[in-house]
Amino acid sequence: MFPNSGGPEGATPLDPDEARGLKHKHVTTRGELDELEQANMQLGVAWLTRKRNGDVLTLEFLRKFHDRLFGEVWRWAGRFRLTEKNIGVAPSQVAVQLQALCDDARFWAENATWPPREAAARFHHRLVQIHPFPNGNGRHARFAADEYLKQYFGQPPIDWATGVNLQADSARRTAYIAALRAADGGDYGPLLAFVGA
Ligand SMILES: Nc1ncnc2c1ncn2[C@@H]1O[C@H](COP(=O)(O)OP(=O)(O)OP(=O)(O)O)[C@@H](O)[C@H]1O
Ligand SMILES: [Mg+2]
């Protein structure tokens, strides 16, 4: 059995090929998978914290960071999606749209288009909307938005979860997904409130 069902609201299911990319063949429950991913993510975040150079607004950095977050668990970590998902652009559009987002986010910082947290919220939303990877997009894009705040604005990270586990179902998770859906429709108000902008 592969633990692909029973994820929280707004999670993206893996297709069978992607599920076969699991490096640990003994995993049989979602709890075990969550633990492996959690341990891997700590390594990825440690890598990010140690890093002294490297521009977050590049495809190379965004891919490398995804690989550091999930590469011990998933063979496809750090590689762009090849399949369609219920969220996200067509696979052939991922690199193009991601480059456009990086260019836009750099422009926002250089021209003070938005206050820092608003810029980070917009960057986060566009990143999850593109959905570059088969899985792990939410977690990757939350850290990436924090790194954007740090590198381009010298600002502290967003308190995404406010102490709860944002990966599990909770009122905070529901508010987060609802805010992203409002942003899909062009209304950034709920997402700005969510990130405290
Ligand atoms: N309507 C939406 N518009 C934009 N982004 C969305 C929408 N619904 C969900 N998302 C984003 O997609 C993420 C889920 O994608 P994916 O499963 O690849 O990431 P994840 O890191 O595994 O998820 P999570 O950590 O949230 O459980 C959500 O965390 C959220 O960031
Ligand atoms: Mg997921």
# chains A, B, ... in the order shown; residues from 1 in each chain; ligands from 1
>>> closest_atom_pairs(of="chain A", to="ligand 1", cutoff="7 Å", atoms="only C-alpha atoms and all ligand atoms", output="JSON lines")
{"residue": "A:Pro8", "atom": "CA", "partner": "ligand 1", "partner_atom_place_in_ligand_line": "27 (O)", "distance": 6.4}
{"residue": "A:Gly10", "atom": "CA", "partner": "ligand 1", "partner_atom_place_in_ligand_line": "9 (C)", "distance": 4.2}
{"residue": "A:Ala11", "atom": "CA", "partner": "ligand 1", "partner_atom_place_in_ligand_line": "17 (O)", "distance": 4.0}
{"residue": "A:Thr12", "atom": "CA", "partner": "ligand 1", "partner_atom_place_in_ligand_line": "17 (O)", "distance": 4.0}
{"residue": "A:Pro13", "atom": "CA", "partner": "ligand 1", "partner_atom_place_in_ligand_line": "17 (O)", "distance": 6.8}
{"residue": "A:Ile87", "atom": "CA", "partner": "ligand 1", "partner_atom_place_in_ligand_line": "2 (C)", "distance": 6.4}
{"residue": "A:His125", "atom": "CA", "partner": "ligand 1", "partner_atom_place_in_ligand_line": "4 (C)", "distance": 6.0}
{"residue": "A:Val128", "atom": "CA", "partner": "ligand 1", "partner_atom_place_in_ligand_line": "5 (N)", "distance": 4.7}
{"residue": "A:Gln129", "atom": "CA", "partner": "ligand 1", "partner_atom_place_in_ligand_line": "4 (C)", "distance": 4.4}
{"residue": "A:His131", "atom": "CA", "partner": "ligand 1", "partner_atom_place_in_ligand_line": "18 (O)", "distance": 6.6}
{"residue": "A:Phe133", "atom": "CA", "partner": "ligand 1", "partner_atom_place_in_ligand_line": "18 (O)", "distance": 6.6}
{"residue": "A:Pro134", "atom": "CA", "partner": "ligand 1", "partner_atom_place_in_ligand_line": "18 (O)", "distance": 6.0}
{"residue": "A:Asn135", "atom": "CA", "partner": "ligand 1", "partner_atom_place_in_ligand_line": "18 (O)", "distance": 3.5}
{"residue": "A:Gly136", "atom": "CA", "partner": "ligand 1", "partner_atom_place_in_ligand_line": "21 (O)", "distance": 3.3}
{"residue": "A:Asn137", "atom": "CA", "partner": "ligand 1", "partner_atom_place_in_ligand_line": "18 (O)", "distance": 3.8}
{"residue": "A:Gly138", "atom": "CA", "partner": "ligand 1", "partner_atom_place_in_ligand_line": "29 (O)", "distance": 3.5}
{"residue": "A:Arg139", "atom": "CA", "partner": "ligand 1", "partner_atom_place_in_ligand_line": "21 (O)", "distance": 3.8}
{"residue": "A:His140", "atom": "CA", "partner": "ligand 1", "partner_atom_place_in_ligand_line": "21 (O)", "distance": 6.2}
{"residue": "A:Leu166", "atom": "CA", "partner": "ligand 1", "partner_atom_place_in_ligand_line": "26 (O)", "distance": 6.6}
{"residue": "A:Gln167", "atom": "CA", "partner": "ligand 1", "partner_atom_place_in_ligand_line": "27 (O)", "distance": 4.1}
{"residue": "A:Ala168", "atom": "CA", "partner": "ligand 1", "partner_atom_place_in_ligand_line": "27 (O)", "distance": 6.8}
{"residue": "A:Ile177", "atom": "CA", "partner": "ligand 1", "partner_atom_place_in_ligand_line": "8 (N)", "distance": 5.4}
{"residue": "A:Leu180", "atom": "CA", "partner": "ligand 1", "partner_atom_place_in_ligand_line": "3 (N)", "distance": 4.8}
{"residue": "A:Arg181", "atom": "CA", "partner": "ligand 1", "partner_atom_place_in_ligand_line": "1 (N)", "distance": 4.2}
{"residue": "A:Asp184", "atom": "CA", "partner": "ligand 1", "partner_atom_place_in_ligand_line": "3 (N)", "distance": 5.6}
>>> residues_around(residues="A:Arg68", least_positions_apart="6", cutoff="9 Å", atoms="only C-alpha atoms", output="VMD selection string")
chain A and resid 40 to 41 43 to 45 47 to 48 77 to 78
>>> select_by_dssp(residues="stretch 2-183 of chain A", states="alpha helix (DSSP H)", output="number ranges by chain")
A: 16-19, 30-50, 59-70, 94-111, 116-130, 137-153, 171-183
>>> atom_distance(atom1="atom CA of A:Thr29", atom2="atom CA of A:Ala46")
26.4 Å
>>> residues_around(residues="stretch 114-124 of chain A", least_positions_apart="6", cutoff="6 Å", atoms="only C-alpha atoms", output="ChimeraX atom specification")
/A:141,145,197
>>> write_last_selection(atoms="C-alpha atoms", output="PDB file, in the first residue's frame")
ATOM      1  CA  ALA A 141       7.133  27.803  -1.167  1.00  0.00           C
ATOM      2  CA  ALA A 145       8.923  33.186   0.620  1.00  0.00           C
ATOM      3  CA  ALA A 197       0.824  42.112   6.140  1.00  0.00           C
TER       4      ALA A 197
END
>>> closest_residue(among="A:Thr113, A:Lys64, A:Ile130, A:Arg142", to="A:Ala95", atoms="only C-alpha atoms")
A:Ile130
>>> closest_residue(among="A:Val73, A:Leu22, A:Leu57, A:Leu82", to="A:Leu98", atoms="only C-alpha atoms")
A:Leu57
